[in-house]
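Structure data (mmCIF, C-alpha atoms) from input.cif:
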data_final
loop_
_atom_site.group_PDB
_atom_site.id
_atom_site.type_symbol
_atom_site.label_atom_id
_atom_site.label_comp_id
_atom_site.auth_asym_id
_atom_site.auth_seq_id
_atom_site.Cartn_x
_atom_site.Cartn_y
_atom_site.Cartn_z
ATOM 1 C CA MET B 95 -12.183 -19.694 -25.122
ATOM 2 C CA VAL B 96 -14.238 -17.399 -22.874
ATOM 3 C CA GLU B 97 -15.771 -19.257 -19.948
ATOM 4 C CA ASP B 98 -18.537 -18.371 -17.528
ATOM 5 C CA TRP B 99 -17.368 -17.137 -14.147
ATOM 6 C CA ASP B 100 -17.749 -20.196 -12.010
ATOM 7 C CA VAL B 101 -16.060 -22.221 -9.311
ATOM 8 C CA ALA B 102 -13.030 -22.728 -11.578
ATOM 9 C CA GLY B 103 -12.587 -18.977 -12.020
ATOM 10 C CA GLN B 104 -12.967 -18.293 -8.331
ATOM 11 C CA LYS B 105 -10.532 -21.113 -7.615
ATOM 12 C CA LEU B 106 -7.917 -19.559 -9.911
ATOM 13 C CA LEU B 107 -8.378 -16.234 -8.147
ATOM 14 C CA VAL B 108 -7.995 -17.755 -4.672
ATOM 15 C CA GLU B 109 -5.056 -19.955 -5.702
ATOM 16 C CA GLY B 110 -3.250 -17.050 -7.347
ATOM 17 C CA THR B 111 -3.811 -14.808 -4.347
ATOM 18 C CA TYR B 112 -2.611 -17.518 -1.969
ATOM 19 C CA ALA B 113 0.480 -18.183 -4.119
ATOM 20 C CA TRP B 114 1.348 -14.479 -4.109
ATOM 21 C CA GLN B 115 0.857 -14.138 -0.359
ATOM 22 C CA THR B 116 3.059 -17.173 0.345
ATOM 23 C CA GLY B 117 5.909 -15.925 -1.841
ATOM 24 C CA HIS B 118 5.278 -18.091 -4.918
ATOM 25 C CA HIS B 119 5.225 -15.101 -7.239
ATOM 26 C CA GLU B 120 5.776 -16.898 -10.553
ATOM 27 C CA GLU B 121 2.956 -19.332 -9.805
ATOM 28 C CA ALA B 122 0.704 -16.412 -8.858
ATOM 29 C CA MET B 123 1.483 -14.573 -12.091
ATOM 30 C CA HIS B 124 0.643 -17.705 -14.103
ATOM 31 C CA LYS B 125 -2.674 -18.097 -12.253
ATOM 32 C CA PHE B 126 -3.612 -14.455 -12.863
ATOM 33 C CA GLU B 127 -2.571 -14.668 -16.532
ATOM 34 C CA GLU B 128 -4.696 -17.804 -16.905
ATOM 35 C CA LEU B 129 -7.557 -15.978 -15.199
ATOM 36 C CA ILE B 130 -7.315 -13.178 -17.782
ATOM 37 C CA GLU B 131 -7.068 -15.666 -20.649
ATOM 38 C CA ARG B 132 -10.068 -17.729 -19.546
ATOM 39 C CA TYR B 133 -12.205 -14.819 -18.310
ATOM 40 C CA PRO B 134 -11.144 -11.781 -20.384
ATOM 41 C CA GLU B 135 -14.370 -9.881 -19.680
ATOM 42 C CA ARG B 136 -14.010 -10.136 -15.888
ATOM 43 C CA PRO B 137 -12.072 -7.482 -13.908
ATOM 44 C CA GLU B 138 -10.542 -9.772 -11.261
ATOM 45 C CA GLY B 139 -7.521 -11.026 -13.210
ATOM 46 C CA TYR B 140 -6.545 -7.557 -14.413
ATOM 47 C CA ASN B 141 -6.946 -6.160 -10.918
ATOM 48 C CA LYS B 142 -4.703 -8.865 -9.435
ATOM 49 C CA MET B 143 -2.049 -8.307 -12.113
ATOM 50 C CA GLY B 144 -2.177 -4.613 -11.242
ATOM 51 C CA VAL B 145 -1.571 -5.479 -7.594
ATOM 52 C CA VAL B 146 1.432 -7.599 -8.603
ATOM 53 C CA PHE B 147 2.971 -4.752 -10.604
ATOM 54 C CA ALA B 148 2.202 -2.190 -7.894
ATOM 55 C CA GLN B 149 3.962 -4.329 -5.298
ATOM 56 C CA LYS B 150 6.944 -4.614 -7.645
ATOM 57 C CA GLY B 151 7.016 -0.807 -7.870
ATOM 58 C CA SER B 152 5.872 -0.613 -11.504
ATOM 59 C CA LEU B 153 3.104 1.910 -10.897
ATOM 60 C CA GLY B 154 2.575 2.745 -14.573
ATOM 61 C CA GLU B 155 1.959 -0.894 -15.503
ATOM 62 C CA ALA B 156 -0.186 -1.371 -12.405
ATOM 63 C CA GLU B 157 -2.288 1.647 -13.345
ATOM 64 C CA GLN B 158 -2.908 0.210 -16.823
ATOM 65 C CA TYR B 159 -4.117 -3.091 -15.362
ATOM 66 C CA PHE B 160 -6.431 -1.283 -12.925
ATOM 67 C CA LEU B 161 -7.830 0.844 -15.747
ATOM 68 C CA THR B 162 -8.411 -2.302 -17.814
ATOM 69 C CA ALA B 163 -10.214 -3.898 -14.863
ATOM 70 C CA LEU B 164 -12.401 -0.792 -14.619
ATOM 71 C CA ALA B 165 -13.081 -0.944 -18.362
ATOM 72 C CA LYS B 166 -14.538 -4.409 -17.700
ATOM 73 C CA ASP B 167 -16.516 -3.263 -14.645
ATOM 74 C CA ARG B 168 -16.387 0.451 -13.889
ATOM 75 C CA MET B 169 -17.706 -0.143 -10.370
ATOM 76 C CA HIS B 170 -15.238 -2.863 -9.310
ATOM 77 C CA ALA B 171 -14.434 -1.742 -5.755
ATOM 78 C CA PRO B 172 -10.995 -3.431 -5.522
ATOM 79 C CA ALA B 173 -9.807 -1.856 -8.796
ATOM 80 C CA LEU B 174 -11.179 1.562 -7.776
ATOM 81 C CA THR B 175 -9.356 1.267 -4.459
ATOM 82 C CA ASN B 176 -6.128 0.114 -6.079
ATOM 83 C CA LEU B 177 -6.234 2.956 -8.582
ATOM 84 C CA GLY B 178 -6.760 5.262 -5.603
ATOM 85 C CA ASN B 179 -3.602 3.757 -4.104
ATOM 86 C CA ILE B 180 -1.639 4.703 -7.226
ATOM 87 C CA TYR B 181 -2.855 8.293 -6.862
ATOM 88 C CA LEU B 182 -2.057 8.241 -3.141
ATOM 89 C CA GLU B 183 1.500 7.095 -3.922
ATOM 90 C CA ARG B 184 1.851 9.941 -6.421
ATOM 91 C CA GLY B 185 0.573 12.485 -3.909
ATOM 92 C CA GLU B 186 -2.625 13.135 -5.873
ATOM 93 C CA LEU B 187 -4.717 13.086 -2.709
ATOM 94 C CA ASP B 188 -7.961 14.480 -4.123
ATOM 95 C CA LEU B 189 -8.029 11.822 -6.859
ATOM 96 C CA ALA B 190 -7.227 9.151 -4.286
ATOM 97 C CA VAL B 191 -10.107 10.303 -2.056
ATOM 98 C CA GLN B 192 -12.474 10.326 -5.056
ATOM 99 C CA HIS B 193 -11.587 6.735 -5.961
ATOM 100 C CA TYR B 194 -11.841 5.449 -2.385
ATOM 101 C CA THR B 195 -15.179 7.194 -1.931
ATOM 102 C CA LEU B 196 -16.478 5.742 -5.188
ATOM 103 C CA ALA B 197 -15.321 2.267 -4.107
ATOM 104 C CA LEU B 198 -17.217 2.706 -0.833
ATOM 105 C CA SER B 199 -20.331 3.782 -2.716
ATOM 106 C CA VAL B 200 -20.171 0.379 -4.436
ATOM 107 C CA ASP B 201 -19.272 -1.608 -1.317
ATOM 108 C CA ALA B 202 -19.624 0.294 1.951
ATOM 109 C CA GLU B 203 -17.926 -2.565 3.795
ATOM 110 C CA TYR B 204 -14.764 -2.798 1.681
ATOM 111 C CA ALA B 205 -12.079 -2.540 4.364
ATOM 112 C CA PRO B 206 -9.114 -1.606 2.120
ATOM 113 C CA ALA B 207 -10.997 1.442 0.806
ATOM 114 C CA HIS B 208 -11.734 2.574 4.376
ATOM 115 C CA ARG B 209 -8.114 2.005 5.445
ATOM 116 C CA ASN B 210 -6.624 3.882 2.512
ATOM 117 C CA LEU B 211 -9.200 6.661 2.716
ATOM 118 C CA SER B 212 -8.076 7.050 6.320
ATOM 119 C CA VAL B 213 -4.487 7.541 5.138
ATOM 120 C CA ALA B 214 -5.527 10.069 2.497
ATOM 121 C CA TYR B 215 -7.622 12.025 4.995
ATOM 122 C CA ARG B 216 -4.741 12.027 7.479
ATOM 123 C CA ARG B 217 -2.422 13.466 4.826
ATOM 124 C CA LEU B 218 -5.041 16.116 4.070
ATOM 125 C CA GLY B 219 -5.244 17.013 7.781
ATOM 126 C CA ARG B 220 -8.823 15.750 8.126
ATOM 127 C CA LEU B 221 -8.117 13.785 11.297
ATOM 128 C CA ASN B 222 -11.672 13.087 12.484
ATOM 129 C CA GLN B 223 -12.587 11.516 9.157
ATOM 130 C CA SER B 224 -9.289 9.653 9.160
ATOM 131 C CA VAL B 225 -9.953 8.074 12.555
ATOM 132 C CA THR B 226 -13.528 7.147 11.608
ATOM 133 C CA HIS B 227 -12.413 5.272 8.505
ATOM 134 C CA LEU B 228 -9.454 3.665 10.278
ATOM 135 C CA LYS B 229 -11.709 2.208 12.980
ATOM 136 C CA ARG B 230 -14.193 0.988 10.396
ATOM 137 C CA SER B 231 -11.438 -0.660 8.373
ATOM 138 C CA GLN B 232 -10.104 -2.488 11.423
ATOM 139 C CA ARG B 233 -13.519 -3.971 12.218
ATOM 140 C CA LEU B 234 -14.105 -5.014 8.626
ATOM 141 C CA GLU B 235 -10.587 -6.359 8.116
ATOM 142 C CA THR B 236 -11.035 -8.910 10.868
ATOM 143 C CA GLN B 237 -14.185 -10.194 9.176
ATOM 144 C CA ARG B 238 -12.516 -10.225 5.744
ATOM 145 C CA GLN B 239 -9.655 -12.364 7.029
ATOM 146 C CA ARG B 240 -12.146 -14.882 8.402
ATOM 147 C CA ASP B 241 -13.980 -14.938 5.068
ATOM 148 C CA GLU B 242 -10.756 -15.460 3.084
ATOM 149 C CA PHE B 243 -9.761 -18.349 5.318
ATOM 150 C CA ARG B 244 -13.162 -19.978 4.794
ATOM 151 C CA ALA B 245 -12.938 -19.438 1.013
ATOM 152 C CA GLU B 246 -9.456 -20.961 0.771
ATOM 153 C CA ARG B 247 -10.551 -23.953 2.830
ATOM 154 C CA ALA B 248 -13.625 -24.508 0.618
ATOM 155 C CA VAL B 249 -11.676 -24.218 -2.644
ATOM 156 C CA ARG B 250 -9.086 -26.711 -1.445
ATOM 157 C CA ALA B 251 -11.926 -29.109 -0.663
ATOM 158 C CA GLY B 252 -13.230 -28.660 -4.228
ATOM 159 C CA GLN B 253 -16.255 -26.626 -3.167
ATOM 160 C CA ALA B 254 -17.483 -23.206 -4.191
ATOM 161 C CA PRO B 255 -16.250 -20.503 -1.839
ATOM 162 C CA PRO B 256 -18.936 -19.431 0.639
ATOM 163 C CA LYS B 257 -20.424 -15.990 0.258
ATOM 164 C CA PRO B 258 -18.696 -13.413 2.437
ATOM 165 C CA SER B 259 -20.477 -12.668 5.662
ATOM 166 C CA ARG B 260 -21.597 -9.080 6.010
ATOM 167 C CA SER B 261 -22.582 -7.231 9.067
ATOM 168 C CA ARG B 262 -25.943 -5.535 8.804
ATOM 169 C CA PRO B 263 -25.326 -2.008 7.530
ATOM 170 C CA ARG B 264 -25.835 0.598 10.205
ATOM 171 C CA SER B 265 -27.821 2.746 7.778
ATOM 172 C CA ILE B 266 -30.571 0.110 7.530
ATOM 173 C CA SER B 267 -31.105 -0.007 11.279
ATOM 174 C CA MET B 268 -31.128 3.805 11.322
ATOM 175 C CA VAL B 269 -33.802 3.802 8.612
ATOM 176 C CA TRP B 270 -35.964 1.523 10.778
ATOM 177 C CA TRP B 271 -35.624 3.825 13.783
ATOM 178 C CA ILE B 272 -36.539 6.860 11.691
ATOM 179 C CA LEU B 273 -39.515 5.012 10.209
ATOM 180 C CA LEU B 274 -40.737 3.932 13.653
ATOM 181 C CA ALA B 275 -40.334 7.466 14.997
ATOM 182 C CA ALA B 276 -42.289 8.877 12.029
ATOM 183 C CA ILE B 277 -45.113 6.386 12.586
ATOM 184 C CA ALA B 278 -45.217 7.205 16.298
ATOM 185 C CA ILE B 279 -45.341 10.945 15.588
ATOM 186 C CA TYR B 280 -48.083 10.398 13.008
ATOM 187 C CA PHE B 281 -50.264 8.545 15.523
ATOM 188 C CA ILE B 282 -49.599 11.062 18.280
ATOM 189 C CA ILE B 283 -50.635 13.913 15.980
ATOM 190 C CA ARG B 284 -53.590 12.001 14.519
ATOM 191 C CA ILE B 285 -55.024 10.913 17.853
ATOM 192 C CA GLY B 286 -54.342 14.242 19.489
ATOM 193 C CA PRO B 287 -54.714 15.039 23.172
ATOM 194 C CA HIS B 288 -57.646 13.465 25.005
ATOM 195 C CA SER B 289 -59.539 15.538 27.517
#

Can you present the structure in this file as structure tokens?
Amino acid sequence: MVEDWDVAGQKLLVEGTYAWQTGHHEEAMHKFEELIERYPERPEGYNKMGVVFAQKGSLGEAEQYFLTALAKDRMHAPALTNLGNIYLERGELDLAVQHYTLALSVDAEYAPAHRNLSVAYRRLGRLNQSVTHLKRSQRLETQRQRDEFRAERAVRAGQAPPKPSRSRPRSISMVWWILLAAIAIYFIIRIGPHS
């Protein structure tokens, strides 16, 4: 039976992730398999199974799960990043960079994509870009850890996980400054010099 993505689905995802992180690998696999069974059209379960196989060293199986996740949602930033990791492991740096960049086009604040893009750039000798993405990933990772803690706490209390907090994108504030400067220039030109 296919179910709507709801608190129960998010709870399975959080519980499976927590089980994996605390060394309860069989329990985690069961949670992720249940996630796929109950929500076959969602990418999250396939992505998590791919992570499990990647961490076990089964890159071919992991790749298939990531590709399946992307077949469900071609712009799923975690699956794009994880597929990039497979390419990074294989030394296919250009493909890795493409996948990390695509993941960041979907979610500019996805810390793992920044971190792994930093590694790929370092291997390509593009050190300035590497450092930029490493610093960004470190800032975002701290926030992500706080968000995960809050989500786990909410799920254990039987509540829906809170939405992740996001810092205001720098590009938006830059747009405002450019807009204000354009308006100021317009009025300066329009009014002209007064004698």

### Task
Fewer than 2 positions away in the same chain doesn't count, so skip those; otherwise give me all residues within 7 Å of range 231-237 of chain B, counting all atoms listed in the file, as a ChimeraX atom specification.
/B:203,205-206,208-209,227-229,239-241

Those same residues, written as a PDB file, in the frame of the given file with C-alpha atoms?
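To be explicit, this is the file written out as selection_18.pdb:
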ATOM      1  CA  GLU B 203     -17.926  -2.565   3.795  1.00  0.00           C
ATOM      2  CA  ALA B 205     -12.079  -2.540   4.364  1.00  0.00           C
ATOM      3  CA  PRO B 206      -9.114  -1.606   2.120  1.00  0.00           C
ATOM      4  CA  HIS B 208     -11.734   2.574   4.376  1.00  0.00           C
ATOM      5  CA  ARG B 209      -8.114   2.005   5.445  1.00  0.00           C
ATOM      6  CA  HIS B 227     -12.413   5.272   8.505  1.00  0.00           C
ATOM      7  CA  LEU B 228      -9.454   3.665  10.278  1.00  0.00           C
ATOM      8  CA  LYS B 229     -11.709   2.208  12.980  1.00  0.00           C
ATOM      9  CA  GLN B 239      -9.655 -12.364   7.029  1.00  0.00           C
ATOM     10  CA  ARG B 240     -12.146 -14.882   8.402  1.00  0.00           C
ATOM     11  CA  ASP B 241     -13.980 -14.938   5.068  1.00  0.00           C
TER      12      ASP B 241
END

Box in all listed atoms of range 215-228 of chain B, axis-aligned, with 6 Å more on each side; write out centre and edge lengths in Å to one decimal as JSON.
{"center_x": -8.0, "center_y": 10.3, "center_z": 8.3, "size_x": 23.1, "size_y": 25.3, "size_z": 20.5}

## Note on the structure
The distance between CA of Ala148 in chain B and CA of Trp99 in chain B is 25.4 Å

#### Entry: Separation of CA of Ala245 in chain B from CA of Ala197 in chain B, in Å and rounded to one decimal
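That distance, rounded to one decimal, is 22.4 Å.
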
### Message
Set the distance at 7 Å and use all atoms listed in the file: which residues neighbour range 163-166 of chain B once local chain neighbours fewer than 6 positions away are removed? I'd like the list as a ChimeraX atom specification.
### Response
/B:135-138,140-141,173

Excluding Leu189 in chain B and residues on its chain fewer than 5 positions from it, collect all residues at most 8 Å away from it, counting only C-alpha atoms, and give them as a PDB file with C-alpha atoms, in the coordinates of the input.
ATOM      1  CA  GLY B 178      -6.760   5.262  -5.603  1.00  0.00           C
ATOM      2  CA  TYR B 181      -2.855   8.293  -6.862  1.00  0.00           C
ATOM      3  CA  LEU B 182      -2.057   8.241  -3.141  1.00  0.00           C
TER       4      LEU B 182
END

### Point-to-point distance from CA of Arg238 in chain B to CA of Tyr204 in chain B, Å rounded to tenths
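The value is 8.8 Å.
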
### Task
Go through the shown structure with the PyMOL selection byres ((chain B and resi 176) around 9) and write out the matching residues as JSON, numbers by chain.
{"B": [141, 144, 145, 148, 156, 157, 160, 171, 172, 173, 174, 175, 177, 178, 179, 180, 181, 193, 194, 206, 207]}

### Top pick for closest residue to Ala113 in chain B, considering B:Arg220, B:Lys142, B:Arg230, B:Arg184 and counting all atoms listed in the file
B:Lys142
